[in-house]
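Text of target02.tsv, listed as TSV, C-alpha atoms:
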```tsv
chain	number	residue	atom	x	y	z
A	1	MET	CA	-7.04	107.40	-93.38
A	2	ALA	CA	-8.74	104.63	-95.11
A	3	GLU	CA	-12.33	105.31	-95.97
A	4	ALA	CA	-14.69	103.24	-93.92
A	5	LYS	CA	-16.56	100.69	-95.95
A	6	LYS	CA	-20.28	101.21	-96.05
A	7	THR	CA	-22.23	98.16	-95.11
A	8	THR	CA	-25.86	97.66	-95.87
A	9	THR	CA	-28.13	95.07	-94.45
A	10	ARG	CA	-31.12	93.73	-96.32
A	11	LYS	CA	-34.09	92.23	-94.65
A	12	ARG	CA	-34.70	88.75	-95.88
A	13	LYS	CA	-38.20	87.88	-96.81
A	14	ALA	CA	-39.72	84.96	-95.03
A	15	PRO	CA	-39.71	81.94	-97.29
A	16	SER	CA	-43.10	81.47	-98.87
A	17	LYS	CA	-44.87	78.14	-98.89
A	18	LYS	CA	-44.59	76.66	-102.37
A	19	VAL	CA	-46.25	73.70	-103.94
A	20	THR	CA	-42.81	72.36	-104.82
A	21	ASP	CA	-42.09	71.43	-101.18
A	22	ILE	CA	-41.39	67.70	-100.98
A	23	ASP	CA	-44.52	66.99	-98.94
A	24	ASP	CA	-46.67	68.86	-101.45
A	25	VAL	CA	-45.06	67.04	-104.36
A	26	LYS	CA	-46.03	63.76	-102.73
A	27	ALA	CA	-49.55	65.07	-102.13
A	28	VAL	CA	-49.91	66.10	-105.79
A	29	GLU	CA	-48.79	62.65	-106.88
A	30	LYS	CA	-51.27	61.12	-104.43
A	31	LEU	CA	-54.12	63.15	-105.89
A	32	ARG	CA	-53.16	62.16	-109.43
A	33	GLU	CA	-53.11	58.51	-108.37
A	34	ALA	CA	-56.42	58.94	-106.52
A	35	ARG	CA	-57.97	60.32	-109.70
A	36	GLU	CA	-56.92	57.21	-111.60
A	37	GLN	CA	-58.23	54.95	-108.82
A	38	ILE	CA	-61.57	56.77	-108.73
A	39	LEU	CA	-61.91	56.47	-112.51
A	40	SER	CA	-61.10	52.76	-112.24
A	41	GLU	CA	-63.73	52.23	-109.53
A	42	LEU	CA	-66.36	54.19	-111.45
A	43	ARG	CA	-65.80	52.00	-114.50
A	44	HIS	CA	-67.58	49.20	-112.60
A	45	SER	CA	-70.87	51.09	-112.88
A	46	ILE	CA	-70.33	53.99	-115.30
A	47	VAL	CA	-69.52	53.73	-119.01
A	48	GLY	CA	-67.84	56.73	-120.67
A	49	MET	CA	-68.49	60.25	-119.27
A	50	ASP	CA	-64.75	60.92	-118.74
A	51	ASP	CA	-65.05	64.70	-119.15
A	52	VAL	CA	-68.06	64.83	-116.83
A	53	ILE	CA	-66.23	62.83	-114.15
A	54	ASP	CA	-63.16	65.08	-114.41
A	55	GLN	CA	-65.26	68.23	-114.04
A	56	VAL	CA	-67.08	66.81	-111.01
A	57	MET	CA	-63.77	65.92	-109.34
A	58	ILE	CA	-62.31	69.35	-110.13
A	59	SER	CA	-65.29	71.08	-108.50
A	60	ILE	CA	-64.96	68.87	-105.40
A	61	PHE	CA	-61.25	69.52	-104.82
A	62	ALA	CA	-61.65	73.22	-105.66
A	63	ARG	CA	-64.32	73.53	-102.91
A	64	GLY	CA	-67.02	74.25	-105.48
A	65	HIS	CA	-70.46	72.95	-106.38
A	66	GLY	CA	-71.52	71.32	-109.63
A	67	LEU	CA	-74.74	71.41	-111.65
A	68	LEU	CA	-75.19	68.49	-114.05
A	69	GLU	CA	-77.72	69.05	-116.84
A	70	GLY	CA	-79.02	66.36	-119.18
A	71	VAL	CA	-82.14	64.52	-120.23
A	72	PRO	CA	-83.46	61.76	-117.94
A	73	GLY	CA	-81.77	58.38	-118.11
A	74	LEU	CA	-78.13	59.46	-118.63
A	75	ALA	CA	-76.94	58.10	-115.24
A	76	LYS	CA	-76.42	61.52	-113.62
A	77	THR	CA	-77.74	60.33	-110.26
A	78	LEU	CA	-75.80	57.07	-110.46
A	79	LEU	CA	-72.60	58.98	-111.20
A	80	VAL	CA	-72.92	61.27	-108.16
A	81	SER	CA	-73.82	58.45	-105.76
A	82	SER	CA	-70.91	56.35	-107.09
A	83	ILE	CA	-68.44	59.21	-106.55
A	84	ALA	CA	-69.75	59.60	-102.98
A	85	LYS	CA	-68.88	55.96	-102.28
A	86	CYS	CA	-65.34	56.53	-103.56
A	87	LEU	CA	-64.82	59.48	-101.21
A	88	SER	CA	-65.94	57.98	-97.85
A	89	LEU	CA	-68.09	61.00	-96.99
A	90	SER	CA	-71.52	61.31	-95.43
A	91	PHE	CA	-73.94	61.47	-98.34
A	92	ARG	CA	-77.58	62.48	-98.58
A	93	ARG	CA	-79.84	62.50	-101.61
A	94	ILE	CA	-82.66	65.04	-101.70
A	95	GLN	CA	-85.31	64.40	-104.33
A	96	PHE	CA	-86.63	67.78	-105.43
A	97	THR	CA	-90.35	67.67	-106.15
A	98	PRO	CA	-92.98	70.43	-106.65
A	99	ASP	CA	-94.30	69.97	-103.07
A	100	LEU	CA	-90.87	70.02	-101.36
A	101	MET	CA	-90.60	72.73	-98.67
A	102	PRO	CA	-87.43	74.61	-97.55
A	103	SER	CA	-87.69	73.04	-94.07
A	104	ASP	CA	-87.57	69.58	-95.72
A	105	ILE	CA	-84.00	70.47	-96.72
A	106	THR	CA	-82.57	72.60	-93.92
A	107	GLY	CA	-84.55	71.21	-91.00
A	108	ALA	CA	-87.16	72.75	-88.71
A	109	GLU	CA	-87.80	73.73	-85.13
A	110	VAL	CA	-89.96	71.26	-83.25
A	111	LEU	CA	-91.74	71.87	-79.92
A	112	GLN	CA	-90.67	69.18	-77.46
A	113	ASP	CA	-91.02	68.47	-73.72
A	114	ASP	CA	-87.85	68.66	-71.62
A	115	PRO	CA	-87.87	65.44	-69.51
A	116	GLU	CA	-85.82	67.10	-66.74
A	117	THR	CA	-87.71	70.37	-66.24
A	118	GLY	CA	-91.05	69.40	-67.72
A	119	GLN	CA	-91.03	72.58	-69.76
A	120	ARG	CA	-91.74	72.73	-73.45
A	121	LYS	CA	-89.16	74.30	-75.75
A	122	PHE	CA	-88.24	74.46	-79.40
A	123	THR	CA	-85.37	72.31	-80.62
A	124	PHE	CA	-83.89	72.31	-84.10
A	125	ASN	CA	-84.05	69.03	-85.99
A	126	LYS	CA	-81.37	69.06	-88.65
A	127	GLY	CA	-82.41	68.30	-92.20
A	128	PRO	CA	-80.60	66.29	-94.90
A	129	ILE	CA	-78.45	69.33	-95.82
A	130	PHE	CA	-76.24	68.39	-92.84
A	131	ALA	CA	-73.98	66.01	-94.72
A	132	ASN	CA	-70.64	66.33	-96.51
A	133	MET	CA	-71.98	65.58	-99.98
A	134	ILE	CA	-75.48	66.53	-101.10
A	135	LEU	CA	-77.16	65.24	-104.23
A	136	ALA	CA	-79.89	67.74	-105.14
A	137	ASP	CA	-81.69	65.47	-107.58
A	138	GLU	CA	-83.72	67.21	-110.31
A	139	ILE	CA	-83.30	70.57	-108.58
A	140	ASN	CA	-85.33	72.45	-111.18
A	141	ARG	CA	-88.49	70.42	-110.53
A	142	THR	CA	-89.18	72.41	-107.36
A	143	PRO	CA	-90.26	76.10	-107.19
A	144	PRO	CA	-87.62	78.85	-106.69
A	145	LYS	CA	-88.64	79.33	-103.02
A	146	THR	CA	-87.39	75.83	-102.20
A	147	GLN	CA	-84.38	76.11	-104.51
A	148	ALA	CA	-83.30	79.20	-102.56
A	149	SER	CA	-83.06	77.20	-99.33
A	150	LEU	CA	-79.67	75.98	-100.58
A	151	LEU	CA	-78.22	79.48	-101.08
A	152	GLU	CA	-76.87	80.10	-97.58
A	153	ALA	CA	-75.52	76.56	-97.21
A	154	MET	CA	-73.71	76.70	-100.56
A	155	GLN	CA	-72.16	80.13	-99.95
A	156	GLU	CA	-71.65	80.41	-96.19
A	157	LYS	CA	-71.43	76.70	-95.31
A	158	MET	CA	-74.02	77.12	-92.58
A	159	VAL	CA	-77.77	77.13	-91.92
A	160	SER	CA	-79.61	79.82	-89.94
A	161	ALA	CA	-82.71	78.80	-88.01
A	162	GLY	CA	-84.47	80.15	-84.93
A	163	GLY	CA	-81.91	82.92	-84.50
A	164	GLU	CA	-79.00	80.47	-84.43
A	165	ASP	CA	-76.31	79.58	-86.94
A	166	PHE	CA	-75.50	75.91	-87.49
A	167	LYS	CA	-72.17	75.25	-89.18
A	168	LEU	CA	-71.93	72.52	-91.78
A	169	ASP	CA	-69.22	69.93	-91.34
A	170	PRO	CA	-66.42	70.34	-93.94
A	171	PRO	CA	-65.93	69.32	-96.63
A	172	PHE	CA	-69.34	70.37	-97.95
A	173	PHE	CA	-70.42	70.46	-101.55
A	174	VAL	CA	-73.62	70.18	-103.55
A	175	LEU	CA	-73.89	68.23	-106.77
A	176	ALA	CA	-77.24	68.99	-108.37
A	177	THR	CA	-78.87	67.43	-111.40
A	178	GLN	CA	-81.43	69.12	-113.59
A	179	ASN	CA	-83.41	68.36	-116.71
A	180	PRO	CA	-83.38	70.73	-119.71
A	181	LEU	CA	-85.81	73.61	-119.26
A	182	GLU	CA	-87.67	72.58	-122.41
A	183	GLN	CA	-89.09	69.58	-120.57
A	184	GLU	CA	-92.42	69.57	-118.73
A	185	GLY	CA	-92.56	70.42	-115.02
A	186	THR	CA	-89.31	72.38	-114.75
A	187	TYR	CA	-88.63	75.75	-113.12
A	188	PRO	CA	-85.65	77.86	-114.19
A	189	LEU	CA	-83.04	78.41	-111.48
A	190	PRO	CA	-82.63	82.10	-110.52
A	191	GLU	CA	-79.39	83.75	-111.60
A	192	ALA	CA	-78.25	84.08	-107.96
A	193	GLN	CA	-78.70	80.33	-107.50
A	194	LEU	CA	-76.87	79.48	-110.73
A	195	ASP	CA	-73.96	81.71	-109.77
A	196	ARG	CA	-73.33	79.59	-106.65
A	197	PHE	CA	-72.39	76.62	-108.85
A	198	MET	CA	-68.75	76.55	-109.93
A	199	PHE	CA	-69.59	74.42	-112.98
A	200	LYS	CA	-72.60	73.79	-115.13
A	201	ILE	CA	-71.76	70.40	-116.62
A	202	HIS	CA	-73.53	69.19	-119.75
A	203	VAL	CA	-74.17	65.44	-119.77
A	204	GLU	CA	-74.53	64.38	-123.39
A	205	TYR	CA	-75.91	61.21	-124.97
A	206	PRO	CA	-73.41	58.33	-125.03
A	207	THR	CA	-71.70	57.32	-128.25
A	208	GLU	CA	-72.91	54.18	-130.02
A	209	GLU	CA	-69.96	52.20	-128.66
A	210	GLU	CA	-70.63	53.43	-125.12
A	211	GLU	CA	-74.35	52.63	-125.41
A	212	ILE	CA	-73.56	49.06	-126.42
A	213	GLY	CA	-71.19	48.86	-123.44
A	214	ILE	CA	-73.96	50.09	-121.12
A	215	MET	CA	-76.33	47.39	-122.38
A	216	ARG	CA	-73.73	44.66	-121.91
A	217	GLN	CA	-72.78	45.82	-118.43
A	218	VAL	CA	-76.24	46.44	-117.00
A	219	THR	CA	-78.14	43.51	-118.52
A	220	SER	CA	-75.45	40.99	-117.55
A	221	GLY	CA	-75.48	42.02	-113.88
A	222	SER	CA	-71.73	42.63	-113.94
A	223	THR	CA	-71.84	45.98	-112.13
A	224	THR	CA	-70.15	46.12	-108.71
A	225	GLU	CA	-70.16	48.73	-105.95
A	226	PRO	CA	-67.25	51.22	-106.08
A	227	LYS	CA	-64.73	50.99	-103.24
A	228	SER	CA	-63.51	53.84	-101.06
A	229	VAL	CA	-60.40	55.60	-102.40
A	230	LEU	CA	-59.93	58.71	-100.22
A	231	THR	CA	-60.76	59.44	-96.58
A	232	LYS	CA	-62.35	62.63	-95.29
A	233	LYS	CA	-59.03	63.80	-93.79
A	234	GLU	CA	-57.23	63.21	-97.09
A	235	ILE	CA	-59.87	65.17	-99.04
A	236	LEU	CA	-59.54	68.16	-96.70
A	237	GLY	CA	-55.75	68.03	-97.06
A	238	LEU	CA	-55.98	67.92	-100.85
A	239	GLN	CA	-58.41	70.84	-100.87
A	240	ASP	CA	-55.82	72.84	-98.89
A	241	LEU	CA	-53.17	71.77	-101.38
A	242	VAL	CA	-55.18	73.26	-104.25
A	243	LEU	CA	-55.02	76.66	-102.54
A	244	ARG	CA	-51.21	76.52	-102.52
A	245	VAL	CA	-50.78	75.86	-106.24
A	246	PRO	CA	-48.94	78.92	-107.67
A	247	VAL	CA	-50.51	81.00	-110.42
A	248	ALA	CA	-48.43	83.27	-112.66
A	249	ASP	CA	-49.50	86.88	-113.25
A	250	HIS	CA	-50.15	86.31	-116.94
A	251	ILE	CA	-52.73	83.63	-116.05
A	252	TYR	CA	-54.60	86.14	-113.88
A	253	ASN	CA	-54.43	88.67	-116.71
A	254	TYR	CA	-55.81	86.23	-119.27
A	255	ALA	CA	-58.67	85.08	-116.99
A	256	ALA	CA	-59.62	88.70	-116.26
A	257	LYS	CA	-59.49	89.61	-119.95
A	258	LEU	CA	-61.73	86.66	-120.84
A	259	VAL	CA	-64.32	87.38	-118.16
A	260	ARG	CA	-64.44	91.14	-118.67
A	261	ALA	CA	-64.96	90.66	-122.39
A	262	THR	CA	-68.38	89.08	-121.67
A	263	ARG	CA	-69.81	92.39	-120.39
A	264	PRO	CA	-71.62	94.40	-123.07
A	265	GLY	CA	-70.79	98.08	-123.33
A	266	GLN	CA	-67.45	97.76	-121.54
A	267	GLU	CA	-64.06	98.51	-123.01
A	268	GLY	CA	-62.62	95.45	-124.75
A	269	ALA	CA	-65.99	93.76	-125.33
A	270	PRO	CA	-66.19	92.40	-128.90
A	271	GLU	CA	-69.03	93.56	-131.12
A	272	PHE	CA	-70.85	90.22	-130.97
A	273	ILE	CA	-71.03	90.58	-127.18
A	274	ASN	CA	-72.82	93.91	-127.56
A	275	ASP	CA	-75.15	92.32	-130.13
A	276	TRP	CA	-76.05	89.13	-128.25
A	277	VAL	CA	-75.43	89.48	-124.50
A	278	SER	CA	-77.76	91.25	-122.06
A	279	PHE	CA	-75.52	90.76	-118.99
A	280	GLY	CA	-72.06	89.26	-118.67
A	281	THR	CA	-70.27	87.18	-116.05
A	282	GLY	CA	-69.35	88.60	-112.64
A	283	PRO	CA	-66.13	88.39	-110.60
A	284	ARG	CA	-67.06	84.94	-109.28
A	285	ALA	CA	-66.33	83.61	-112.77
A	286	CYS	CA	-62.71	84.83	-112.41
A	287	LEU	CA	-62.37	83.21	-109.00
A	288	ASN	CA	-63.79	79.91	-110.22
A	289	LEU	CA	-61.58	79.87	-113.33
A	290	ILE	CA	-58.46	80.21	-111.17
A	291	MET	CA	-59.54	77.75	-108.46
A	292	ALA	CA	-60.70	75.18	-110.99
A	293	GLY	CA	-57.50	75.70	-112.98
A	294	LYS	CA	-55.46	74.91	-109.86
A	295	ALA	CA	-57.44	71.73	-109.21
A	296	ARG	CA	-57.18	70.61	-112.84
A	297	ALA	CA	-53.42	71.17	-112.82
A	298	ILE	CA	-52.70	68.98	-109.81
A	299	LEU	CA	-55.21	66.33	-110.89
A	300	GLN	CA	-52.98	66.00	-113.95
A	301	GLY	CA	-49.79	66.00	-111.85
A	302	ARG	CA	-48.65	69.56	-112.66
A	303	PHE	CA	-47.50	72.19	-110.19
A	304	ASN	CA	-48.70	75.27	-112.04
A	305	VAL	CA	-51.76	76.58	-113.86
A	306	ALA	CA	-51.51	76.97	-117.63
A	307	ILE	CA	-53.61	79.02	-120.04
A	308	ASP	CA	-54.84	75.70	-121.43
A	309	ASP	CA	-56.48	75.00	-118.04
A	310	ILE	CA	-58.39	78.28	-118.21
A	311	GLN	CA	-59.49	77.66	-121.80
A	312	THR	CA	-60.61	74.09	-121.08
A	313	LEU	CA	-62.69	75.16	-118.09
A	314	ALA	CA	-64.16	78.33	-119.62
A	315	LEU	CA	-67.32	76.59	-120.89
A	316	PRO	CA	-68.47	74.93	-117.63
A	317	VAL	CA	-67.53	78.02	-115.58
A	318	MET	CA	-69.09	80.71	-117.81
A	319	ARG	CA	-72.01	79.11	-119.68
A	320	HIS	CA	-74.53	79.68	-116.84
A	321	ARG	CA	-73.32	83.12	-115.77
A	322	MET	CA	-74.35	85.25	-118.75
A	323	GLY	CA	-77.72	86.18	-120.20
A	324	LEU	CA	-78.51	86.38	-123.89
A	325	ASN	CA	-80.86	88.94	-125.38
A	326	PHE	CA	-83.75	88.39	-127.78
A	327	ALA	CA	-81.54	88.91	-130.83
A	328	ALA	CA	-79.31	85.98	-129.83
A	329	GLN	CA	-82.26	83.77	-129.01
A	330	SER	CA	-83.95	84.53	-132.31
A	331	GLU	CA	-80.77	83.54	-134.13
A	332	GLY	CA	-80.47	80.30	-132.16
A	333	VAL	CA	-77.26	81.42	-130.41
A	334	LYS	CA	-76.40	79.58	-127.16
A	335	THR	CA	-74.09	80.71	-124.36
A	336	ASP	CA	-71.66	77.95	-125.37
A	337	ASP	CA	-71.43	79.55	-128.83
A	338	VAL	CA	-70.60	82.90	-127.24
A	339	VAL	CA	-67.90	81.43	-124.97
A	340	ARG	CA	-66.29	79.50	-127.85
A	341	LYS	CA	-66.29	82.64	-130.00
A	342	LEU	CA	-64.67	84.55	-127.14
A	343	LEU	CA	-61.94	81.92	-126.81
A	344	ASP	CA	-61.17	82.41	-130.51
A	345	GLU	CA	-61.35	86.20	-130.21
A	346	ILE	CA	-59.30	86.86	-127.04
A	347	PRO	CA	-55.54	86.40	-127.64
A	348	SER	CA	-54.01	83.58	-125.61
A	349	ASP	CA	-50.34	84.23	-126.36
A	350	GLU	CA	-48.54	83.71	-123.05
A	351	LYS	CA	-45.67	86.02	-124.04
A	352	MET	CA	-48.09	88.91	-124.54
A	353	TYR	CA	-49.57	88.50	-121.05
A	354	GLN	CA	-46.14	87.94	-119.51
A	355	ALA	CA	-44.97	91.22	-121.03
A	356	LYS	CA	-48.01	92.98	-119.58
A	357	SER	CA	-47.23	91.54	-116.15
A	358	ALA	CA	-43.60	92.65	-116.19
```
Would you write the structure of this file as structure tokens?
Amino acid sequence: MAEAKKTTTRKRKAPSKKVTDIDDVKAVEKLREAREQILSELRHSIVGMDDVIDQVMISIFARGHGLLEGVPGLAKTLLVSSIAKCLSLSFRRIQFTPDLMPSDITGAEVLQDDPETGQRKFTFNKGPIFANMILADEINRTPPKTQASLLEAMQEKMVSAGGEDFKLDPPFFVLATQNPLEQEGTYPLPEAQLDRFMFKIHVEYPTEEEEIGIMRQVTSGSTTEPKSVLTKKEILGLQDLVLRVPVADHIYNYAAKLVRATRPGQEGAPEFINDWVSFGTGPRACLNLIMAGKARAILQGRFNVAIDDIQTLALPVMRHRMGLNFAAQSEGVKTDDVVRKLLDEIPSDEKMYQAKSA
């Protein structure tokens, strides 16, 4: 009697959504083209600042917030307002001053008469925070109490007032500008506030060639208003696309290794970390490295995150999330110096991390 053949059935896994689907490929190409169009439109009013513009766009499409730091007069405010015009979003500028109150940002309850019942009741008047894109101009010129009014909106995308929660309309992101702390009339942002920003973007002085270009453009009256490039619906769709960009295990391993190495006293922390750093970066640095890496990849037309993306974005993601001790300050060491030294110290060989992931 012939032996019965054993048959086995395997459950097929449901196909996972990949960024290589034809619709997603088209969307990635659209975002790459939109980046070029936005850069072209910004050239009508902005000279140079390519890295700054890229970092701002990465933070927007990665659902993050950006903090731009630089001395007055470097066109930080002009840059943010110009990007808002390219994105067809509701935009509000809040000028942070020493006398600004939290209710001036979030809104306040006002006692009003009901014309139907004749009774008086409190109604909530929404503040300027209820917009898609917020420019918090010179955020460190107001005391920490007022700075903290942005915390809930930036993290939870809502505002609580009078026992009610008011959702903010997506997309929502804050682009704040600040002057260096060495200048008069500035208040340092609390660590909890700084941690809400995906990037801290340094805006440097222009080169000599760029400065000559600025003089020619501004004094000749040749600047024109940027035109709209993306609609609100398209921005939301592209933000969803960023979430679907695949990330290999060795990229996660490298990002974790880099972030964990900033924490003094922990295993794997280099000696200079123990010597200079009082507290290292938290898990939000890992999350922001990966999300920003995804956004950078598709802005450049790629379908995957590379270690180069993590290395390029390490400075703006990590520079504001660690504290230096007195020894570092006395030696003139900056957080950028620590991050650069870490990038040299932590191995970035993809094969090594791939072997660890296997």
Who sits within 10 Å of region 279-287 of chain A, only C-alpha atoms, same chain under 2 positions skipped, as a short mmCIF file (atom, residue, chain, number, x, y, z; two decimals) with C-alpha atoms, in the coordinates of the input:
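Here's the written file part.cif:
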```
data_model
loop_
_atom_site.label_atom_id
_atom_site.label_comp_id
_atom_site.auth_asym_id
_atom_site.auth_seq_id
_atom_site.Cartn_x
_atom_site.Cartn_y
_atom_site.Cartn_z
CA ASP A 195 -73.96 81.71 -109.77
CA ARG A 196 -73.33 79.59 -106.65
CA PHE A 197 -72.39 76.62 -108.85
CA MET A 198 -68.75 76.55 -109.93
CA PHE A 199 -69.59 74.42 -112.98
CA TYR A 252 -54.60 86.14 -113.88
CA TYR A 254 -55.81 86.23 -119.27
CA ALA A 255 -58.67 85.08 -116.99
CA ALA A 256 -59.62 88.70 -116.26
CA LYS A 257 -59.49 89.61 -119.95
CA LEU A 258 -61.73 86.66 -120.84
CA VAL A 259 -64.32 87.38 -118.16
CA ARG A 260 -64.44 91.14 -118.67
CA ALA A 261 -64.96 90.66 -122.39
CA THR A 262 -68.38 89.08 -121.67
CA ARG A 263 -69.81 92.39 -120.39
CA PRO A 264 -71.62 94.40 -123.07
CA GLY A 265 -70.79 98.08 -123.33
CA ILE A 273 -71.03 90.58 -127.18
CA ASN A 274 -72.82 93.91 -127.56
CA TRP A 276 -76.05 89.13 -128.25
CA VAL A 277 -75.43 89.48 -124.50
CA LEU A 289 -61.58 79.87 -113.33
CA ILE A 290 -58.46 80.21 -111.17
CA MET A 291 -59.54 77.75 -108.46
CA ALA A 292 -60.70 75.18 -110.99
CA GLY A 293 -57.50 75.70 -112.98
CA ILE A 310 -58.39 78.28 -118.21
CA ALA A 314 -64.16 78.33 -119.62
CA VAL A 317 -67.53 78.02 -115.58
CA MET A 318 -69.09 80.71 -117.81
CA ARG A 319 -72.01 79.11 -119.68
CA HIS A 320 -74.53 79.68 -116.84
CA ARG A 321 -73.32 83.12 -115.77
CA MET A 322 -74.35 85.25 -118.75
CA GLY A 323 -77.72 86.18 -120.20
CA LEU A 324 -78.51 86.38 -123.89
CA ASN A 325 -80.86 88.94 -125.38
#
```
Using all atoms listed in the file, which residues sit within 10 Å of Pro188 (chain A) once same-chain residues fewer than 4 positions away are excluded, as a PyMOL selection string?
-> chain A and resi 139-144+147+178+180-182+193-194
Using all atoms listed in the file, find the one residue out of A:Ala248, A:Leu168, A:Ile214, A:Ala62 that sits nearest to Ala131 (chain A).
->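 Checking each of A:Ala248, A:Leu168, A:Ile214, A:Ala62 against Ala131 (chain A), counting all atoms listed in the file, the winner is A:Leu168.
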Pairwise distance, CA of Lys232 (chain A) with CA of Phe124 (chain A), equals 26.1 Å
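For the choices A:Ala75, A:Lys126, A:Phe326, A:Lys200, the atom-to-atom distance to Val110 (chain A) is smallest for A:Lys126 when using all atoms listed in the file.
Reported to one decimal place, the separation of CA of Val52 (chain A) from CA of Met133 (chain A) is 17.3 Å.
CA of Gly301 (chain A) sits 9.8 Å away from CA of Ala27 (chain A).
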Rank nothing, just name the residue among A:Leu175, A:Leu79, A:Leu230, A:Val47 nearest to Gly213 (chain A), using only C-alpha atoms.
->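 So, comparing all the options, the nearest one is A:Val47.
Those DNA, RNA and protein residues that approach the point (-65.2, 89.4, -131.0) to within 6 Å, considering all atoms listed in the file, are A:Pro270, A:Glu271, A:Phe272, A:Glu345.
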Write out as a PyMOL selection string the residues lying within 7 Å of Arg32 (chain A), counting all atoms listed in the file and excluding same-chain residues fewer than 6 positions away.
-> chain A and resi 298-301
Between A:Arg216, A:Arg63, A:Arg120, A:Arg93, which has the minimum distance to Leu236 (chain A) (counting only C-alpha atoms)?
->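 Of the candidates, the smallest distance to Leu236 (chain A) is held by A:Arg63.
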